[in-house]
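To be precise, the following lines are run_29.txt, and they hold compact mmCIF, C-alpha atoms and all ligand atoms.
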# COMPACT_ATOMS: atom_id res chain seq x y z
CA MET X 1 0.82 5.64 -25.90
CA ARG X 2 -0.74 5.79 -22.46
CA ARG X 3 1.90 6.00 -19.71
CA ALA X 4 2.04 3.06 -17.31
CA ARG X 5 1.12 3.92 -13.74
CA TYR X 6 1.97 2.55 -10.33
CA LEU X 7 -1.03 2.58 -8.00
CA VAL X 8 -1.10 1.45 -4.38
CA ALA X 9 -3.82 0.64 -1.85
CA GLU X 10 -2.83 1.47 1.72
CA GLY X 11 -4.41 1.36 5.16
CA THR X 12 -4.74 -0.62 8.37
CA GLU X 13 -5.54 -4.34 8.41
CA GLY X 14 -8.84 -5.37 6.85
CA VAL X 15 -9.79 -1.99 5.32
CA GLY X 16 -10.29 -3.62 1.90
CA LYS X 17 -7.01 -3.11 0.05
CA THR X 18 -7.05 -6.46 -1.73
CA THR X 19 -10.71 -6.08 -2.63
CA LEU X 20 -10.10 -2.63 -4.09
CA CYS X 21 -7.11 -3.89 -6.11
CA ASP X 22 -9.33 -6.69 -7.50
CA ILE X 23 -11.98 -4.21 -8.62
CA LEU X 24 -9.50 -1.77 -10.05
CA ALA X 25 -7.61 -4.49 -11.94
CA ALA X 26 -10.89 -5.61 -13.54
CA ARG X 27 -11.79 -2.03 -14.54
CA LEU X 28 -8.35 -1.39 -16.04
CA MET X 29 -8.28 -4.68 -17.94
CA GLU X 30 -11.71 -3.87 -19.43
CA ARG X 31 -9.97 -0.89 -21.00
CA GLY X 32 -7.22 -3.02 -22.46
CA ILE X 33 -4.63 -2.04 -19.84
CA GLU X 34 -2.17 -4.74 -18.85
CA VAL X 35 -1.94 -4.98 -15.09
CA VAL X 36 0.65 -6.55 -12.81
CA ARG X 37 -0.60 -7.23 -9.27
CA VAL X 38 1.84 -7.26 -6.37
CA ARG X 39 1.72 -7.24 -2.62
CA GLU X 40 4.04 -6.20 0.16
CA PRO X 41 5.58 -7.91 1.84
CA GLY X 42 6.04 -10.38 -0.99
CA GLY X 43 5.74 -10.46 -4.75
CA THR X 44 9.08 -12.18 -5.45
CA PRO X 45 10.53 -15.51 -4.24
CA LEU X 46 12.78 -13.66 -1.79
CA GLY X 47 9.93 -11.32 -0.79
CA GLU X 48 7.58 -14.22 -0.07
CA ALA X 49 10.25 -15.90 2.09
CA VAL X 50 10.79 -12.64 3.98
CA ARG X 51 7.01 -12.30 4.35
CA GLU X 52 6.89 -15.64 6.13
CA VAL X 53 9.58 -14.51 8.59
CA LEU X 54 7.97 -11.11 9.15
CA LEU X 55 4.39 -12.26 9.58
CA HIS X 56 4.72 -15.76 10.99
CA GLY X 57 8.22 -15.93 12.50
CA GLY X 58 9.30 -15.22 16.07
CA GLU X 59 9.89 -11.88 17.73
CA MET X 60 12.47 -9.52 16.28
CA SER X 61 13.77 -6.05 17.02
CA ASP X 62 11.90 -3.11 15.52
CA TRP X 63 14.85 -2.19 13.30
CA SER X 64 15.24 -5.77 12.08
CA GLU X 65 11.58 -5.63 11.10
CA ALA X 66 11.95 -2.28 9.31
CA LEU X 67 15.03 -3.45 7.40
CA LEU X 68 13.41 -6.73 6.35
CA PHE X 69 10.47 -4.76 4.94
CA ALA X 70 12.93 -2.53 3.09
CA ALA X 71 14.84 -5.57 1.74
CA GLN X 72 11.76 -7.28 0.28
CA ARG X 73 10.77 -3.91 -1.24
CA ALA X 74 14.17 -3.46 -2.91
CA GLU X 75 13.78 -6.88 -4.51
CA LEU X 76 10.25 -6.15 -5.68
CA ALA X 77 11.21 -2.78 -7.19
CA GLU X 78 14.18 -4.22 -9.04
CA ARG X 79 12.67 -7.48 -10.29
CA VAL X 80 8.99 -6.70 -10.81
CA VAL X 81 7.82 -3.08 -10.54
CA ARG X 82 10.49 -1.36 -12.64
CA PRO X 83 10.44 -3.93 -15.48
CA ALA X 84 6.62 -3.93 -15.58
CA LEU X 85 6.42 -0.14 -15.84
CA ALA X 86 9.18 -0.12 -18.46
CA ASN X 87 7.07 -2.56 -20.50
CA GLY X 88 4.00 -0.34 -20.32
CA LYS X 89 2.18 -2.43 -17.71
CA TRP X 90 0.38 -0.83 -14.83
CA VAL X 91 1.34 -1.99 -11.36
CA LEU X 92 -1.32 -2.38 -8.68
CA SER X 93 0.11 -2.96 -5.25
CA ASP X 94 -1.38 -4.02 -1.97
CA ARG X 95 0.82 -1.78 0.27
CA CYS X 96 4.18 -0.08 -0.41
CA TYR X 97 6.74 1.93 1.59
CA TYR X 98 3.94 4.05 3.07
CA SER X 99 3.15 1.01 5.25
CA SER X 100 6.69 1.14 6.61
CA LEU X 101 6.37 4.86 7.29
CA ALA X 102 3.07 4.36 9.18
CA TYR X 103 3.83 1.05 10.98
CA GLN X 104 7.56 1.19 11.63
CA GLY X 105 8.25 4.92 11.35
CA TYR X 106 5.24 6.22 13.24
CA ALA X 107 3.64 3.42 15.32
CA ARG X 108 6.93 1.68 16.27
CA ARG X 109 8.42 5.15 16.75
CA LEU X 110 11.54 4.52 14.69
CA GLY X 111 11.00 7.88 12.98
CA VAL X 112 9.29 8.43 9.65
CA GLY X 113 12.33 10.22 8.20
CA ARG X 114 14.75 7.52 9.33
CA VAL X 115 12.61 4.71 7.93
CA TRP X 116 12.25 6.61 4.65
CA SER X 117 16.01 7.03 4.48
CA VAL X 118 16.59 3.25 4.49
CA ASN X 119 13.92 2.66 1.84
CA ARG X 120 14.73 5.46 -0.57
CA PRO X 121 18.10 4.26 -1.96
CA ALA X 122 16.69 1.00 -3.37
CA LEU X 123 13.58 2.62 -4.81
CA GLY X 124 15.25 5.41 -6.79
CA GLU X 125 12.58 6.92 -9.02
CA THR X 126 10.31 3.88 -8.73
CA LEU X 127 7.72 5.62 -6.59
CA PRO X 128 3.94 5.24 -6.80
CA ASP X 129 1.95 7.69 -8.93
CA LEU X 130 -0.95 7.40 -6.51
CA VAL X 131 -1.34 5.99 -3.00
CA VAL X 132 -4.96 5.41 -2.01
CA TRP X 133 -5.33 5.64 1.75
CA MET X 134 -8.37 3.56 2.70
CA ASP X 135 -9.47 5.38 5.81
CA MET X 136 -11.65 3.64 8.38
CA ASP X 137 -11.74 3.10 12.12
CA ALA X 138 -8.92 0.62 12.74
CA GLY X 139 -11.05 -1.52 15.08
CA ALA X 140 -13.93 -1.81 12.62
CA ALA X 141 -11.50 -2.71 9.84
CA LEU X 142 -9.78 -5.38 11.99
CA ALA X 143 -13.20 -6.92 12.69
CA ARG X 144 -13.58 -7.57 8.95
CA GLN X 145 -10.46 -9.68 8.93
CA GLN X 146 -10.09 -13.39 9.60
CA GLY X 147 -6.95 -14.43 11.50
CA ARG X 148 -4.07 -12.30 12.71
CA ASP X 149 -0.41 -12.37 11.74
CA ARG X 150 2.48 -11.43 14.06
CA ILE X 151 2.07 -7.69 13.42
CA GLY X 152 -1.72 -7.71 13.19
CA ALA X 153 -1.94 -9.44 16.58
CA ALA X 154 -1.00 -6.20 18.39
CA ASP X 155 -3.65 -4.54 20.55
CA ILE X 156 -6.15 -2.08 19.17
CA ALA X 157 -4.37 0.92 20.72
CA TRP X 158 -1.36 0.14 18.54
CA HIS X 159 -3.50 -0.22 15.41
CA ARG X 160 -4.92 3.22 16.16
CA GLU X 161 -1.35 4.56 16.28
CA VAL X 162 -0.84 3.10 12.80
CA TRP X 163 -4.01 4.90 11.68
CA LYS X 164 -2.62 8.15 13.12
CA GLY X 165 0.54 7.50 11.14
CA TYR X 166 -1.47 7.28 7.91
CA ARG X 167 -3.40 10.42 8.78
CA SER X 168 -0.17 12.27 9.45
CA LEU X 169 1.30 11.13 6.12
CA TRP X 170 -1.87 12.14 4.27
CA THR X 171 -1.88 15.55 5.93
CA SER X 172 1.61 16.28 4.68
CA ASP X 173 1.43 14.53 1.30
CA ARG X 174 -1.77 15.36 -0.55
CA GLY X 175 0.10 15.26 -3.86
CA ARG X 176 0.70 11.52 -3.99
CA MET X 177 -1.84 10.41 -1.41
CA MET X 178 -5.60 10.31 -1.83
CA ARG X 179 -8.04 9.46 0.98
CA VAL X 180 -11.13 7.34 0.42
CA ASP X 181 -13.82 6.33 2.90
CA ALA X 182 -13.19 2.59 3.30
CA ALA X 183 -16.53 2.10 5.04
CA ALA X 184 -18.34 2.86 1.77
CA PRO X 185 -19.49 0.01 -0.50
CA THR X 186 -16.56 -1.47 -2.39
CA GLU X 187 -18.03 -0.83 -5.84
CA ARG X 188 -18.52 2.84 -5.02
CA ILE X 189 -14.89 3.17 -3.91
CA GLY X 190 -13.80 1.56 -7.18
CA GLU X 191 -15.97 3.91 -9.26
CA ARG X 192 -14.60 6.95 -7.43
CA LEU X 193 -11.06 5.85 -8.12
CA VAL X 194 -11.69 5.24 -11.81
CA SER X 195 -13.25 8.68 -12.07
CA VAL X 196 -10.15 10.22 -10.44
CA LEU X 197 -7.93 8.40 -12.95
CA GLU X 198 -10.13 9.68 -15.78
CA LYS X 199 -10.01 13.25 -14.52
CA ARG X 200 -6.24 13.10 -14.33
CA GLY X 201 -6.18 11.93 -17.96
CA TRP X 202 -4.33 8.74 -17.01
CA LEU X 203 -6.78 6.49 -18.84
CA ARG X 204 -6.66 8.43 -22.09
CA ASP X 205 -4.75 6.97 -25.05
CA CYS X 206 -2.55 9.65 -26.55
N1 LIG X 301 3.42 -4.22 7.31
C1 LIG X 301 3.43 -4.29 5.93
C2 LIG X 301 4.29 -3.39 8.00
O1 LIG X 301 4.26 -3.37 9.24
N2 LIG X 301 5.18 -2.63 7.28
C3 LIG X 301 5.27 -2.68 5.92
O2 LIG X 301 6.11 -1.99 5.33
C4 LIG X 301 4.36 -3.54 5.22
C5 LIG X 301 4.42 -3.62 3.73
C6 LIG X 301 0.89 -7.25 6.10
C7 LIG X 301 1.24 -6.95 7.53
O3 LIG X 301 2.52 -6.37 7.53
C8 LIG X 301 2.48 -5.06 8.05
C9 LIG X 301 1.05 -4.64 7.96
C10 LIG X 301 0.31 -5.94 8.16
O4 LIG X 301 0.24 -6.19 9.55
P1 LIG X 301 -1.14 -7.88 4.73
O5 LIG X 301 -0.83 -9.11 4.03
O6 LIG X 301 -1.10 -6.63 3.95
O7 LIG X 301 -0.30 -7.82 6.05
O8 LIG X 301 -2.52 -8.05 5.40
P2 LIG X 301 -3.53 -6.99 5.88
O9 LIG X 301 -3.29 -5.58 5.81
O10 LIG X 301 -3.78 -7.53 7.23
O11 LIG X 301 -4.53 -7.13 4.71
P3 LIG X 301 -5.73 -8.00 4.45
O12 LIG X 301 -5.41 -8.62 3.14
O13 LIG X 301 -6.20 -8.92 5.51
O14 LIG X 301 -6.79 -6.86 4.41
P4 LIG X 301 -7.22 -5.92 3.23
O15 LIG X 301 -6.58 -6.33 1.97
O16 LIG X 301 -7.14 -4.52 3.64
O17 LIG X 301 -8.76 -6.30 3.18
P5 LIG X 301 -9.54 -7.30 2.20
O18 LIG X 301 -9.73 -6.66 0.90
O19 LIG X 301 -8.87 -8.62 2.27
O20 LIG X 301 -10.93 -7.31 2.93
C11 LIG X 301 -11.10 -7.86 4.22
C12 LIG X 301 -12.57 -8.32 4.36
O21 LIG X 301 -13.43 -7.18 4.31
C13 LIG X 301 -14.36 -7.31 3.23
C14 LIG X 301 -13.77 -8.32 2.28
O22 LIG X 301 -14.76 -8.98 1.55
C15 LIG X 301 -13.03 -9.25 3.23
O23 LIG X 301 -13.91 -10.18 3.78
N3 LIG X 301 -14.49 -5.96 2.62
C16 LIG X 301 -15.54 -5.16 2.79
N4 LIG X 301 -16.70 -5.31 3.47
C17 LIG X 301 -17.58 -4.29 3.44
N5 LIG X 301 -17.35 -3.11 2.76
C18 LIG X 301 -16.22 -2.93 2.06
N6 LIG X 301 -16.01 -1.77 1.40
C19 LIG X 301 -15.25 -3.98 2.05
N7 LIG X 301 -14.02 -4.11 1.50
C20 LIG X 301 -13.58 -5.32 1.85
Whole structure given in structure tokens:
Amino acid sequence: MRRARYLVAEGTEGVGKTTLCDILAARLMERGIEVVRVREPGGTPLGEAVREVLLHGGEMSDWSEALLFAAQRAELAERVVRPALANGKWVLSDRCYYSSLAYQGYARRLGVGRVWSVNRPALGETLPDLVVWMDMDAGAALARQQGRDRIGAADIAWHREVWKGYRSLWTSDRGRMMRVDAAAPTERIGERLVSVLEKRGWLRDC
């Protein structure tokens, strides 16, 4: 039996994470793979309620923000991601804890290690097999997007700090993280990813 995998699209606002997950889900389903799609923040009743507070609520302290992201993630891991993987379903996620490391740890300057330490206990071994960093100029990516949430409404200088956070994570974590050029046509990004999965033998039935 083919092992279920947990794949994540990451990057700054508007880089094309949802679009890539759509393409990848279609490619995997063509091969008979069952896919569960999730997003962070969200993906559970509690997670969606927390999403509303995080993205459309009033101001909050940086640590409150980081801990709310960690809380919705704990719920998602326990109720959706772990059971799906245990049942042989692949999980495709729009963001994961790497967002917290880049946004809260790096750009909000809470410390990447400290933010990781509040996320790790609830995740246990439920960590992504592959995190696809969709790399693109943060300003150009933002221009693709319609509407801004509470966090996305920050100025461009801050979004560039988030981008630096991703670059720093990628520099130190080439094992789990893969970089793709998010300015390329969407279909080409999808094809590249499928070919990486093939090369790794993840799509092979054994
Ligand atoms: N956050 C999140 C944290 O601070 N910490 C955390 O731990 C977590 C989990 C979440 C917000 O919360 C923050 C980050 C965010 O501020 P979100 O719901 O993930 O927000 O929303 P965004 O990142 O803002 O995501 P979007 O859904 O708006 O953007 P996507 O998914 O990156 O982009 P997508 O696929 O919707 O595409 C945007 C537009 O670009 C086009 C699409 O058609 C669409 O119109 N597009 C392309 N155009 C040309 N070429 C391509 N290759 C294209 N790909 C997509």
Residues within 8 Å of ligand LIG 301 (chain X), counting all atoms listed in the file: report them as a PyMOL selection string.
chain X and resi 10-21+39-41+54-55+65-66+69-70+94-104+141-142+144-146+148-152+182-187+189
C-alpha atoms of the current selection, written as a JSON list (two decimals), in the coordinates of the input:
[["chain", "number", "residue", "atom", "x", "y", "z"],
["X", 10, "GLU", "CA", -2.83, 1.47, 1.72],
["X", 11, "GLY", "CA", -4.41, 1.36, 5.16],
["X", 12, "THR", "CA", -4.74, -0.62, 8.37],
["X", 13, "GLU", "CA", -5.54, -4.34, 8.41],
["X", 14, "GLY", "CA", -8.84, -5.37, 6.85],
["X", 15, "VAL", "CA", -9.79, -1.99, 5.32],
["X", 16, "GLY", "CA", -10.29, -3.62, 1.90],
["X", 17, "LYS", "CA", -7.01, -3.11, 0.05],
["X", 18, "THR", "CA", -7.05, -6.46, -1.73],
["X", 19, "THR", "CA", -10.71, -6.08, -2.63],
["X", 20, "LEU", "CA", -10.10, -2.63, -4.09],
["X", 21, "CYS", "CA", -7.11, -3.89, -6.11],
["X", 39, "ARG", "CA", 1.72, -7.24, -2.62],
["X", 40, "GLU", "CA", 4.04, -6.20, 0.16],
["X", 41, "PRO", "CA", 5.58, -7.91, 1.84],
["X", 54, "LEU", "CA", 7.97, -11.11, 9.15],
["X", 55, "LEU", "CA", 4.39, -12.26, 9.58],
["X", 65, "GLU", "CA", 11.58, -5.63, 11.10],
["X", 66, "ALA", "CA", 11.95, -2.28, 9.31],
["X", 69, "PHE", "CA", 10.47, -4.76, 4.94],
["X", 70, "ALA", "CA", 12.93, -2.53, 3.09],
["X", 94, "ASP", "CA", -1.38, -4.02, -1.97],
["X", 95, "ARG", "CA", 0.82, -1.78, 0.27],
["X", 96, "CYS", "CA", 4.18, -0.08, -0.41],
["X", 97, "TYR", "CA", 6.74, 1.93, 1.59],
["X", 98, "TYR", "CA", 3.94, 4.05, 3.07],
["X", 99, "SER", "CA", 3.15, 1.01, 5.25],
["X", 100, "SER", "CA", 6.69, 1.14, 6.61],
["X", 101, "LEU", "CA", 6.37, 4.86, 7.29],
["X", 102, "ALA", "CA", 3.07, 4.36, 9.18],
["X", 103, "TYR", "CA", 3.83, 1.05, 10.98],
["X", 104, "GLN", "CA", 7.56, 1.19, 11.63],
["X", 141, "ALA", "CA", -11.50, -2.71, 9.84],
["X", 142, "LEU", "CA", -9.78, -5.38, 11.99],
["X", 144, "ARG", "CA", -13.58, -7.57, 8.95],
["X", 145, "GLN", "CA", -10.46, -9.68, 8.93],
["X", 146, "GLN", "CA", -10.09, -13.39, 9.60],
["X", 148, "ARG", "CA", -4.07, -12.30, 12.71],
["X", 149, "ASP", "CA", -0.41, -12.37, 11.74],
["X", 150, "ARG", "CA", 2.48, -11.43, 14.06],
["X", 151, "ILE", "CA", 2.07, -7.69, 13.42],
["X", 152, "GLY", "CA", -1.72, -7.71, 13.19],
["X", 182, "ALA", "CA", -13.19, 2.59, 3.30],
["X", 183, "ALA", "CA", -16.53, 2.10, 5.04],
["X", 184, "ALA", "CA", -18.34, 2.86, 1.77],
["X", 185, "PRO", "CA", -19.49, 0.01, -0.50],
["X", 186, "THR", "CA", -16.56, -1.47, -2.39],
["X", 187, "GLU", "CA", -18.03, -0.83, -5.84],
["X", 189, "ILE", "CA", -14.89, 3.17, -3.91]]
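For the set X:Val132, X:Leu67, X:Val53, X:Leu197, the residue with the smallest atom-to-atom gap to Gly105 in chain X is X:Leu67, counting all atoms listed in the file.
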Can you measure CA of Asp22 in chain X to CA of Ala153 in chain X for me? One decimal in Å is fine.
25.3 Å
Best match for closeness to Leu123 in chain X among X:Ser93, X:Met177, X:Ala71, X:Gly42, counting only C-alpha atoms:
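The shortest atom-to-atom distance to Leu123 in chain X comes from X:Ala71.
Between CA of Arg73 in chain X and CA of Ala122 in chain X the interatomic distance comes to 8.0 Å.
Between CA of Ala4 in chain X and CA of Leu85 in chain X lies a distance of 5.6 Å.
Among the candidates X:Met60, X:Met134, X:Val162, X:Leu193, the residue lying nearest to Asp181 in chain X is X:Met134 (atoms considered: all atoms listed in the file).
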12 Å contact set for Leu203 in chain X, all atoms listed in the file, chain neighbours under 6 positions out, as a PyMOL selection string
chain X and resi 1-5+27-33+90+193-197
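Ranking X:Val36, X:Val50, X:Gly58, X:Gly43 by their shortest atom-to-atom distance to Asn87 in chain X, with only C-alpha atoms included, puts X:Val36 first.
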Among listed residues X:Leu110, X:Leu130, X:Val115, X:Leu68, nearest Met178 in chain X (using all atoms listed in the file):
X:Leu130
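Distances to Ala157 in chain X were evaluated for X:Val35, X:Pro121, X:Ala138, X:Arg200 using all atoms listed in the file, and the minimum falls at X:Ala138.
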